[in-house]
$ cat coords20.txt   # compact mmCIF, C-alpha atoms
# COMPACT_ATOMS: atom_id res chain seq x y z
CA MET A 1313 199.88 123.60 126.19
CA ASP A 1314 197.91 120.38 126.26
CA LEU A 1315 195.86 120.17 129.42
CA THR A 1316 194.27 116.84 128.52
CA PRO A 1317 196.32 114.64 130.92
CA LEU A 1318 195.61 117.02 133.82
CA VAL A 1319 191.92 117.17 132.98
CA GLU A 1320 191.69 113.39 132.73
CA ALA A 1321 193.49 113.00 136.04
CA ALA A 1322 191.01 115.40 137.64
CA GLN A 1323 188.05 113.47 136.31
CA ASN A 1324 189.53 110.08 137.30
CA SER A 1325 190.41 111.19 140.83
CA ALA A 1326 188.79 109.51 143.82
CA LEU A 1327 187.11 112.77 144.83
CA SER A 1328 185.59 113.19 141.40
CA GLU A 1329 184.45 109.57 141.40
CA TRP A 1330 182.84 110.04 144.82
CA MET A 1331 180.96 113.15 143.66
CA ARG A 1332 179.62 111.31 140.60
CA MET A 1333 178.47 108.34 142.65
CA SER A 1334 176.99 110.38 145.47
CA LEU A 1335 173.36 111.24 144.89
CA LYS A 1336 173.43 114.60 146.61
CA ALA A 1337 176.99 115.93 146.31
CA VAL A 1338 176.65 117.62 142.92
CA ALA A 1339 173.27 119.14 143.80
CA ILE A 1340 174.53 120.62 147.07
CA ILE A 1341 177.83 121.85 145.60
CA ASN A 1342 175.89 123.42 142.71
CA ALA A 1343 173.55 125.24 145.11
CA LEU A 1344 176.54 126.52 147.13
CA HIS A 1345 178.12 127.72 143.87
CA ILE A 1346 175.00 129.75 143.01
CA MET A 1347 174.67 131.12 146.58
CA SER A 1348 178.25 132.35 146.50
CA ILE A 1349 178.28 133.72 142.95
CA VAL A 1350 175.15 135.82 143.50
CA THR A 1351 176.82 137.24 146.62
CA VAL A 1352 179.91 138.08 144.57
CA PHE A 1353 177.76 139.73 141.90
CA GLY A 1354 175.49 141.67 144.29
CA THR A 1355 178.27 143.06 146.49
CA ILE A 1356 180.46 144.02 143.51
CA LEU A 1357 177.45 145.68 141.86
CA ILE A 1358 177.07 148.07 144.81
CA VAL A 1359 180.75 149.07 144.62
CA ASP A 1360 180.59 149.36 140.80
CA LEU A 1361 177.51 151.58 140.95
CA ARG A 1362 179.28 153.77 143.52
CA LEU A 1363 182.16 154.09 141.02
CA LEU A 1364 179.59 155.31 138.50
CA GLY A 1365 178.37 157.84 141.09
CA TYR A 1366 175.08 156.03 141.54
CA PRO A 1367 172.80 156.48 143.43
CA ASN A 1368 174.96 159.31 144.88
CA VAL A 1369 178.47 160.11 146.06
CA LYS A 1370 177.55 160.99 149.66
CA ARG A 1371 179.17 157.92 151.18
CA SER A 1372 182.92 157.33 151.32
CA TYR A 1373 184.05 155.07 148.48
CA LEU A 1374 186.98 153.73 150.50
CA ARG A 1375 184.77 152.82 153.44
CA MET A 1376 182.25 151.07 151.18
CA HIS A 1377 185.09 149.22 149.44
CA HIS A 1378 186.52 148.13 152.79
CA GLU A 1379 183.17 147.04 154.25
CA LEU A 1380 181.82 145.15 151.24
CA LEU A 1381 184.76 143.57 149.45
CA ARG A 1382 185.62 141.24 152.34
CA TRP A 1383 182.20 139.59 151.71
CA THR A 1384 182.89 139.56 147.97
CA TRP A 1385 186.22 137.79 148.46
CA GLY A 1386 184.81 135.37 151.01
CA ALA A 1387 182.02 134.43 148.61
CA PHE A 1388 184.45 134.31 145.68
CA GLY A 1389 186.58 131.79 147.58
CA ILE A 1390 183.55 129.50 148.05
CA ALA A 1391 182.52 129.99 144.41
CA ALA A 1392 186.05 129.08 143.25
CA VAL A 1393 186.27 125.92 145.39
CA THR A 1394 182.77 124.72 144.45
CA GLY A 1395 183.49 125.65 140.82
CA VAL A 1396 186.65 123.53 140.74
CA LEU A 1397 184.73 120.62 142.30
CA LEU A 1398 181.94 120.90 139.70
CA PHE A 1399 184.55 121.03 136.94
CA MET A 1400 186.21 117.87 138.26
CA VAL A 1401 182.94 115.92 138.12
CA ASN A 1402 182.88 116.22 134.34
CA ALA A 1403 186.31 117.65 133.56
CA VAL A 1404 186.81 116.12 130.12
CA THR A 1405 183.56 117.48 128.67
CA TYR A 1406 183.87 120.90 130.34
CA HIS A 1407 187.40 121.12 129.00
CA ARG A 1408 185.95 120.92 125.46
CA ASN A 1409 183.03 123.25 126.19
CA THR A 1410 183.04 126.69 124.53
CA ALA A 1411 180.76 128.30 127.12
CA PHE A 1412 183.08 127.10 129.89
CA TRP A 1413 186.11 128.75 128.29
CA LEU A 1414 184.15 131.94 127.55
CA LYS A 1415 183.24 132.07 131.24
CA MET A 1416 186.88 131.58 132.29
CA ALA A 1417 188.08 134.20 129.78
CA THR A 1418 185.47 136.68 131.02
CA MET A 1419 186.62 136.13 134.60
CA VAL A 1420 190.22 136.79 133.54
CA LEU A 1421 189.07 140.04 131.89
CA ALA A 1422 187.18 141.00 135.07
CA GLY A 1423 190.38 140.30 137.02
CA ILE A 1424 192.50 142.43 134.68
CA ASN A 1425 189.93 145.25 134.92
CA MET A 1426 190.10 145.03 138.72
CA MET A 1427 193.92 145.00 138.79
CA VAL A 1428 194.25 147.98 136.45
CA PHE A 1429 191.73 149.86 138.59
CA GLU A 1430 193.29 148.92 141.94
CA LEU A 1431 196.88 149.56 140.83
CA MET A 1432 196.19 152.86 139.06
CA THR A 1433 192.84 154.60 139.56
CA ALA A 1434 192.28 153.48 143.16
CA LYS A 1435 195.57 155.18 144.17
CA THR A 1436 193.84 158.52 143.59
CA ALA A 1437 190.71 157.47 145.54
CA PRO A 1438 191.32 159.78 148.53
CA SER A 1439 190.83 162.76 146.18
CA TRP A 1440 187.38 161.59 145.03
CA ASP A 1441 186.42 159.51 148.06
CA LYS A 1442 183.29 161.45 148.93
CA GLY A 1443 181.11 164.28 147.65
CA VAL A 1444 182.72 164.61 144.21
CA PRO A 1445 181.98 162.73 140.98
CA PRO A 1446 184.40 159.81 140.43
CA PRO A 1447 186.95 160.24 137.59
CA ASN A 1448 186.22 158.75 134.17
CA ALA A 1449 188.72 155.94 134.74
CA ALA A 1450 186.73 154.84 137.80
CA ARG A 1451 183.45 155.03 135.87
CA VAL A 1452 184.86 152.91 133.04
CA ALA A 1453 186.15 150.31 135.52
CA GLY A 1454 182.77 150.19 137.28
CA ALA A 1455 180.80 149.85 134.04
CA LEU A 1456 183.16 147.18 132.66
CA SER A 1457 182.95 145.22 135.90
CA ILE A 1458 179.12 145.16 135.80
CA VAL A 1459 179.06 144.00 132.16
CA LEU A 1460 181.77 141.37 132.70
CA TRP A 1461 180.18 139.82 135.80
CA ILE A 1462 176.79 139.62 134.10
CA ALA A 1463 178.57 137.90 131.19
CA VAL A 1464 180.13 135.43 133.66
CA ILE A 1465 176.63 134.49 134.86
CA VAL A 1466 175.34 134.26 131.26
CA PHE A 1467 178.15 131.90 130.21
CA GLY A 1468 177.86 129.97 133.48
CA ARG A 1469 174.19 129.25 132.80
CA TRP A 1470 175.02 128.50 129.18
CA ILE A 1471 177.36 125.68 130.26
CA GLY A 1472 174.39 123.93 131.87
CA PHE A 1473 172.47 124.02 128.61
CA THR A 1474 175.26 122.75 126.37
CA LYS A 1475 176.02 119.81 128.70
CA GLY A 1476 179.57 119.90 127.48
CA TYR A 1477 178.65 118.92 123.94
CA ASP A 1478 179.51 121.48 121.26
CA PHE A 1479 177.53 119.99 118.42
CA ALA A 1480 173.89 119.95 117.45
CA ILE A 1481 172.19 116.75 118.61
CA PRO A 1482 170.21 115.21 115.75
CA GLU A 1483 166.49 115.16 116.45
CA ASP A 1484 166.11 111.40 116.34
CA VAL A 1485 169.02 110.75 118.69
CA GLN A 1486 168.33 110.29 122.38
CA PHE A 1487 171.16 111.42 124.58
CA ASP A 1488 171.16 109.76 127.97
CA PHE A 1489 173.17 111.81 130.44
CA SER A 1490 172.39 109.62 133.43
CA LEU A 1491 175.09 107.51 134.98
CA PRO A 1492 175.36 103.79 134.33
CA GLN A 1493 173.73 101.90 137.18
CA MET B 563 147.44 120.15 141.52
CA PHE B 564 149.33 117.76 139.25
CA GLU B 565 146.39 117.63 136.85
CA PHE B 566 146.42 121.41 136.72
CA ALA B 567 150.17 121.33 136.06
CA GLU B 568 149.72 118.80 133.28
CA TRP B 569 146.93 120.88 131.74
CA LEU B 570 149.05 124.05 132.03
CA GLY B 571 151.96 122.27 130.34
CA SER B 572 149.76 121.49 127.33
CA THR B 573 148.44 125.03 126.84
CA PRO B 574 149.67 126.96 123.77
CA LEU B 575 151.45 129.48 126.04
CA SER B 576 153.45 126.74 127.77
CA VAL B 577 154.25 125.06 124.47
CA ALA B 578 155.38 128.41 123.06
CA ILE B 579 157.80 128.85 125.99
CA GLN B 580 159.07 125.26 125.72
CA SER B 581 159.68 125.55 121.97
CA ARG B 582 161.93 128.61 122.27
CA LEU B 583 165.12 126.92 123.42
CA TRP B 584 166.97 130.17 124.10
CA LEU B 585 164.22 131.50 126.37
CA THR B 586 164.80 129.29 129.42
CA PRO B 587 168.55 130.01 129.80
CA LEU B 588 167.90 133.72 129.21
CA LEU B 589 165.15 133.89 131.86
CA GLN B 590 167.22 131.81 134.29
CA THR B 591 170.17 134.18 133.85
CA ILE B 592 167.97 137.20 134.60
CA HIS B 593 166.47 135.29 137.55
CA ILE B 594 169.97 134.59 138.96
CA THR B 595 171.24 138.19 138.59
CA MET B 596 168.06 139.41 140.30
CA ILE B 597 168.43 137.06 143.28
CA GLY B 598 171.92 138.55 143.63
CA ILE B 599 170.35 141.99 144.03
CA VAL B 600 167.54 140.74 146.30
CA PHE B 601 169.87 138.76 148.56
CA VAL B 602 172.62 141.37 148.81
CA SER B 603 170.08 144.14 149.50
CA MET B 604 168.78 142.15 152.46
CA LEU B 605 172.33 141.20 153.42
CA ASN B 606 173.29 144.88 153.70
CA VAL B 607 170.31 145.67 155.93
CA ALA B 608 171.04 142.63 158.10
CA LEU B 609 174.76 143.48 158.31
CA ARG B 610 173.81 147.01 159.35
CA VAL B 611 171.84 145.58 162.27
CA LEU B 612 174.90 143.47 163.12
CA GLY B 613 177.07 146.62 162.93
CA LYS B 614 179.24 145.27 160.09
CA VAL B 615 178.41 147.88 157.42
CA ARG B 616 177.23 151.52 157.39
CA ALA B 617 177.31 151.76 161.17
CA ASP B 618 177.32 155.58 160.82
CA GLU B 619 174.01 155.54 158.93
CA PRO B 620 170.58 155.15 160.60
CA LEU B 621 168.99 151.76 159.90
CA ALA B 622 165.92 153.38 158.32
CA GLU B 623 168.19 155.13 155.79
CA VAL B 624 169.98 151.88 154.96
CA TRP B 625 166.59 150.24 154.39
CA HIS B 626 165.45 153.10 152.16
CA ARG B 627 168.69 152.82 150.17
CA PHE B 628 168.12 149.14 149.43
CA ALA B 629 164.32 148.68 149.56
CA PRO B 630 163.63 149.89 145.97
CA TRP B 631 166.30 147.49 144.66
CA PHE B 632 164.95 144.67 146.78
CA TRP B 633 161.33 145.12 145.63
CA CYS B 634 162.11 145.83 141.96
CA ALA B 635 164.45 142.85 141.63
CA LEU B 636 161.92 140.68 143.48
CA GLY B 637 159.24 141.80 140.99
CA VAL B 638 161.43 140.82 138.03
CA MET B 639 162.12 137.49 139.75
CA ALA B 640 158.40 136.87 140.17
CA GLY B 641 157.87 137.62 136.46
CA THR B 642 160.74 135.46 135.16
CA GLY B 643 159.91 132.75 137.70
CA LEU B 644 156.27 132.69 136.57
CA ILE B 645 157.20 132.32 132.89
CA LEU B 646 159.74 129.60 133.73
CA SER B 647 157.10 127.77 135.77
CA ILE B 648 154.52 127.99 132.97
CA GLY B 649 157.18 126.50 130.68
CA GLU B 650 157.80 123.54 133.02
CA PRO B 651 154.74 123.24 135.30
CA VAL B 652 154.97 119.52 136.01
CA ARG B 653 158.63 119.75 137.02
CA GLN B 654 157.75 122.60 139.42
CA ALA B 655 154.62 121.05 140.91
CA THR B 656 156.32 117.71 141.61
CA ALA B 657 159.39 119.31 143.21
CA LEU B 658 159.23 119.46 147.00
CA SER B 659 162.01 122.07 146.83
CA PHE B 660 159.71 124.34 144.79
CA TRP B 661 157.01 124.33 147.48
CA ILE B 662 159.53 124.85 150.28
CA LYS B 663 161.02 127.74 148.30
CA MET B 664 157.59 129.35 147.79
CA SER B 665 156.78 129.01 151.50
CA LEU B 666 160.10 130.58 152.48
CA ILE B 667 159.53 133.45 150.00
CA ALA B 668 156.13 134.09 151.60
CA ILE B 669 157.87 134.36 154.99
CA GLY B 670 160.63 136.57 153.53
CA VAL B 671 158.19 138.94 151.80
CA ALA B 672 155.88 139.18 154.82
CA SER B 673 158.79 139.95 157.14
CA ALA B 674 160.21 142.53 154.68
CA LEU B 675 156.81 144.26 154.49
CA TYR B 676 156.51 144.28 158.28
CA PHE B 677 160.10 145.51 158.67
CA GLY B 678 159.56 148.30 156.11
CA ARG B 679 156.49 149.53 158.00
CA THR B 680 158.07 149.53 161.44
CA VAL B 681 161.72 150.41 160.73
CA SER B 682 161.43 154.20 161.05
CA ALA B 683 159.89 154.15 164.52
CA ALA B 684 161.93 151.28 165.91
CA ALA B 685 165.28 152.24 164.43
CA THR B 686 165.73 155.73 165.87
CA ALA B 687 165.20 154.41 169.39
CA ALA B 688 167.99 151.85 169.27
CA ASP B 689 170.25 152.91 166.41
CA ALA B 690 173.57 152.80 168.20
CA SER B 691 173.57 149.09 168.87
CA TYR B 692 170.95 146.44 168.49
CA SER B 693 169.70 143.96 171.03
CA GLY B 694 170.46 140.27 170.91
CA ARG B 695 167.00 139.61 169.53
CA ALA B 696 167.42 142.02 166.61
CA ARG B 697 170.75 140.35 165.83
CA VAL B 698 169.18 136.91 165.84
CA VAL B 699 166.51 138.16 163.42
CA ALA B 700 169.21 139.65 161.17
CA VAL B 701 171.14 136.36 161.03
CA ALA B 702 167.88 134.42 160.49
CA THR B 703 167.04 136.73 157.56
CA ILE B 704 170.41 136.02 155.90
CA ILE B 705 169.89 132.28 156.37
CA LEU B 706 166.30 132.52 155.07
CA TRP B 707 167.34 134.13 151.77
CA LEU B 708 170.28 131.74 151.37
CA ALA B 709 167.83 128.87 151.89
CA ILE B 710 165.55 130.33 149.20
CA ILE B 711 168.49 130.27 146.75
CA PHE B 712 169.42 126.75 147.87
CA PHE B 713 165.93 125.34 147.31
CA GLY B 714 165.62 127.29 144.05
CA ARG B 715 168.67 125.47 142.68
CA SER B 716 167.48 122.19 144.19
CA ILE B 717 164.32 122.16 142.04
CA ALA B 718 166.49 120.77 139.23
CA TYR B 719 167.80 118.03 141.58
CA ASP B 720 164.59 117.25 143.45
CA VAL B 721 164.84 113.46 143.22
CA GLU B 722 168.49 113.50 144.26
CA ILE B 723 167.88 115.80 147.24
CA TRP B 724 164.58 114.39 148.50
CA GLU B 725 164.53 110.83 147.08
CA SER B 726 161.16 109.29 148.13
CA TRP B 727 159.91 112.71 149.33
CA HIS B 728 159.83 113.88 145.71
CA LEU B 729 156.19 114.49 144.84
CA ALA B 730 155.86 112.44 141.64
$ encode --input "coords20.txt" --output "structure tokens"
Amino acid sequence: MDLTPLVEAAQNSALSEWMRMSLKAVAIINALHIMSIVTVFGTILIVDLRLLGYPNVKRSYLRMHHELLRWTWGAFGIAAVTGVLLFMVNAVTYHRNTAFWLKMATMVLAGINMMVFELMTAKTAPSWDKGVPPPNAARVAGALSIVLWIAVIVFGRWIGFTKGYDFAIPEDVQFDFSLPQ
Amino acid sequence: MFEFAEWLGSTPLSVAIQSRLWLTPLLQTIHITMIGIVFVSMLNVALRVLGKVRADEPLAEVWHRFAPWFWCALGVMAGTGLILSIGEPVRQATALSFWIKMSLIAIGVASALYFGRTVSAAATAADASYSGRARVVAVATIILWLAIIFFGRSIAYDVEIWESWHLA
């Protein structure tokens, strides 16, 4: 499937144009993106560690899941919206960026891991909710989730350092990324 | 200050950091994962005061659950932040956001130290529900750490955010 027309339309949209011309929009949206993604990561990490039985299994898994994941999803919503906006600013180059696609693929894997866990392992949660070591399937899901979300952050940061260009810039070439005045 | 930053940027250590192109993204990634741990640790303690999480657990216990994570992650942040700053001292020193961030961190660390010292005595007295004042402090703490993240990201956009207030 060729996404190029869609990507070009996103980049040429009035909203995208406004964000590029505004001095502060990209900076503020970027900061909101970081604020929300670290909240996603931190809250998921607590639940994942609980799935690994760490630091202990004294507290109810289901209660922890219920209390924390609403913050995770709230933050994820903000991260998704700000992420789409940041993509639109420079859609054509991000669309060709390897780190961007690795980040998207890693998020899909994290989503699959979550769905497998929620649809299968989590059904048995009442039997290991508290005081007993979680089953191996829960441990695997927790460990995978930690690794995948760290990878999402790694690839996310990587995007910023590749600037959307997937080739080595020759040493004597100056690349000017600033906007035409 | 700027002369010091310029001198620091020319030292062999700074040049060594600058010349390893993989180092900055690696350190920034560690720095970002650590702020996730720092912020969410504080968030949990604040949400406990607001009665949103772990309402069955005494506040002092919630603090002791998260304090080691908070302090360890903060230590790693200080280390990675220091190396990043040595690698780009002029950019840091001329960024108003950097100085605001450092000031807010000083407030955040001082209040965390004070809270850690007083939580055991204060918490048992009023564990069931907290006063309006404690709730205001909890919300202010969440906002403070969010602001630290905001200004941390803004260092890279200092001219855009502050325009003529930028320090260069």
$ residues_around --input "coords20.txt" --residues "Val701 (chain B)" --least-positions-apart "3" --cutoff "9 Å" --atoms "only C-alpha atoms" --output "number ranges by chain"
B: 608-609, 612, 696-698, 704-706
$ atom_distance --input "coords20.txt" --atom1 "CA of Ile1349 (chain A)" --atom2 "CA of Gly598 (chain B)"
8.0 Å
$ interface_residues --input "coords20.txt" --of "chain A" --to "chain B" --cutoff "7 Å" --atoms "all atoms listed in the file" --output "list in words"
Leu1335, Lys1336, Ala1339, Ala1343, Met1347, Val1350, Thr1351, Phe1353, Gly1354, Thr1355, Glu1379, Ile1465, Val1466, Arg1469 and Trp1470 of chain A
$ write_last_selection --input "coords20.txt" --atoms "C-alpha atoms" --output "mmCIF file, in the coordinates of the input"
data_model
loop_
_atom_site.group_PDB
_atom_site.id
_atom_site.type_symbol
_atom_site.label_atom_id
_atom_site.label_comp_id
_atom_site.auth_asym_id
_atom_site.auth_seq_id
_atom_site.Cartn_x
_atom_site.Cartn_y
_atom_site.Cartn_z
ATOM 1 C CA LEU A 1335 173.360 111.240 144.890
ATOM 2 C CA LYS A 1336 173.430 114.600 146.610
ATOM 3 C CA ALA A 1339 173.270 119.140 143.800
ATOM 4 C CA ALA A 1343 173.550 125.240 145.110
ATOM 5 C CA MET A 1347 174.670 131.120 146.580
ATOM 6 C CA VAL A 1350 175.150 135.820 143.500
ATOM 7 C CA THR A 1351 176.820 137.240 146.620
ATOM 8 C CA PHE A 1353 177.760 139.730 141.900
ATOM 9 C CA GLY A 1354 175.490 141.670 144.290
ATOM 10 C CA THR A 1355 178.270 143.060 146.490
ATOM 11 C CA GLU A 1379 183.170 147.040 154.250
ATOM 12 C CA ILE A 1465 176.630 134.490 134.860
ATOM 13 C CA VAL A 1466 175.340 134.260 131.260
ATOM 14 C CA ARG A 1469 174.190 129.250 132.800
ATOM 15 C CA TRP A 1470 175.020 128.500 129.180
#
$ residues_around --input "coords20.txt" --residues "Arg653 (chain B)" --least-positions-apart "2" --cutoff "12 Å" --atoms "only C-alpha atoms" --output "JSON, numbers by chain"
{"B": [564, 567, 568, 570, 571, 646, 647, 648, 649, 650, 651, 655, 656, 657, 658, 659, 660, 661, 716, 717, 718, 719, 720, 721, 728, 729, 730]}
$ residues_near_point --input "coords20.txt" --point "(187.5, 157.5, 136.9)" --cutoff "9 Å" --atoms "all atoms listed in the file" --output "list of chain:residue names"
A:Leu1363, A:Leu1364, A:Phe1429, A:Thr1433, A:Ala1434, A:Pro1445, A:Pro1446, A:Pro1447, A:Asn1448, A:Ala1449, A:Ala1450, A:Arg1451, A:Val1452, A:Ala1453, A:Gly1454
$ residues_around --input "coords20.txt" --residues "Phe1467 (chain A)" --least-positions-apart "2" --cutoff "7 Å" --atoms "all atoms listed in the file" --output "JSON, numbers by chain"
{"A": [1411, 1412, 1414, 1415, 1463, 1464, 1465, 1469, 1470, 1471]}
$ write_last_selection --input "coords20.txt" --atoms "C-alpha atoms" --output "mmCIF file, keeping the file's coordinate frame"
data_model
loop_
_atom_site.group_PDB
_atom_site.id
_atom_site.type_symbol
_atom_site.label_atom_id
_atom_site.label_comp_id
_atom_site.auth_asym_id
_atom_site.auth_seq_id
_atom_site.Cartn_x
_atom_site.Cartn_y
_atom_site.Cartn_z
ATOM 1 C CA ALA A 1411 180.760 128.300 127.120
ATOM 2 C CA PHE A 1412 183.080 127.100 129.890
ATOM 3 C CA LEU A 1414 184.150 131.940 127.550
ATOM 4 C CA LYS A 1415 183.240 132.070 131.240
ATOM 5 C CA ALA A 1463 178.570 137.900 131.190
ATOM 6 C CA VAL A 1464 180.130 135.430 133.660
ATOM 7 C CA ILE A 1465 176.630 134.490 134.860
ATOM 8 C CA ARG A 1469 174.190 129.250 132.800
ATOM 9 C CA TRP A 1470 175.020 128.500 129.180
ATOM 10 C CA ILE A 1471 177.360 125.680 130.260
#
$ closest_residue --input "coords20.txt" --among "A:Leu1318, A:Val1352, A:Leu1374, A:Ile1458" --to "Asp1441 (chain A)" --atoms "only C-alpha atoms"
A:Leu1374
$ closest_residue --input "coords20.txt" --among "A:Ala1337, A:Tyr1373, A:Leu1460, A:Ala1391" --to "Leu1421 (chain A)" --atoms "all atoms listed in the file"
A:Leu1460
$ closest_residue --input "coords20.txt" --among "A:Val1401, A:Ala1387, A:Leu1315, A:Val1359" --to "Arg1332 (chain A)" --atoms "only C-alpha atoms"
A:Val1401
$ atom_distance --input "coords20.txt" --atom1 "CA of Asp1314 (chain A)" --atom2 "CA of Met1426 (chain A)"
28.7 Å
$ closest_residue --input "coords20.txt" --among "A:Ile1462, A:Ile1340, A:Leu1361, A:Val1319" --to "Thr1418 (chain A)" --atoms "all atoms listed in the file"
A:Ile1462
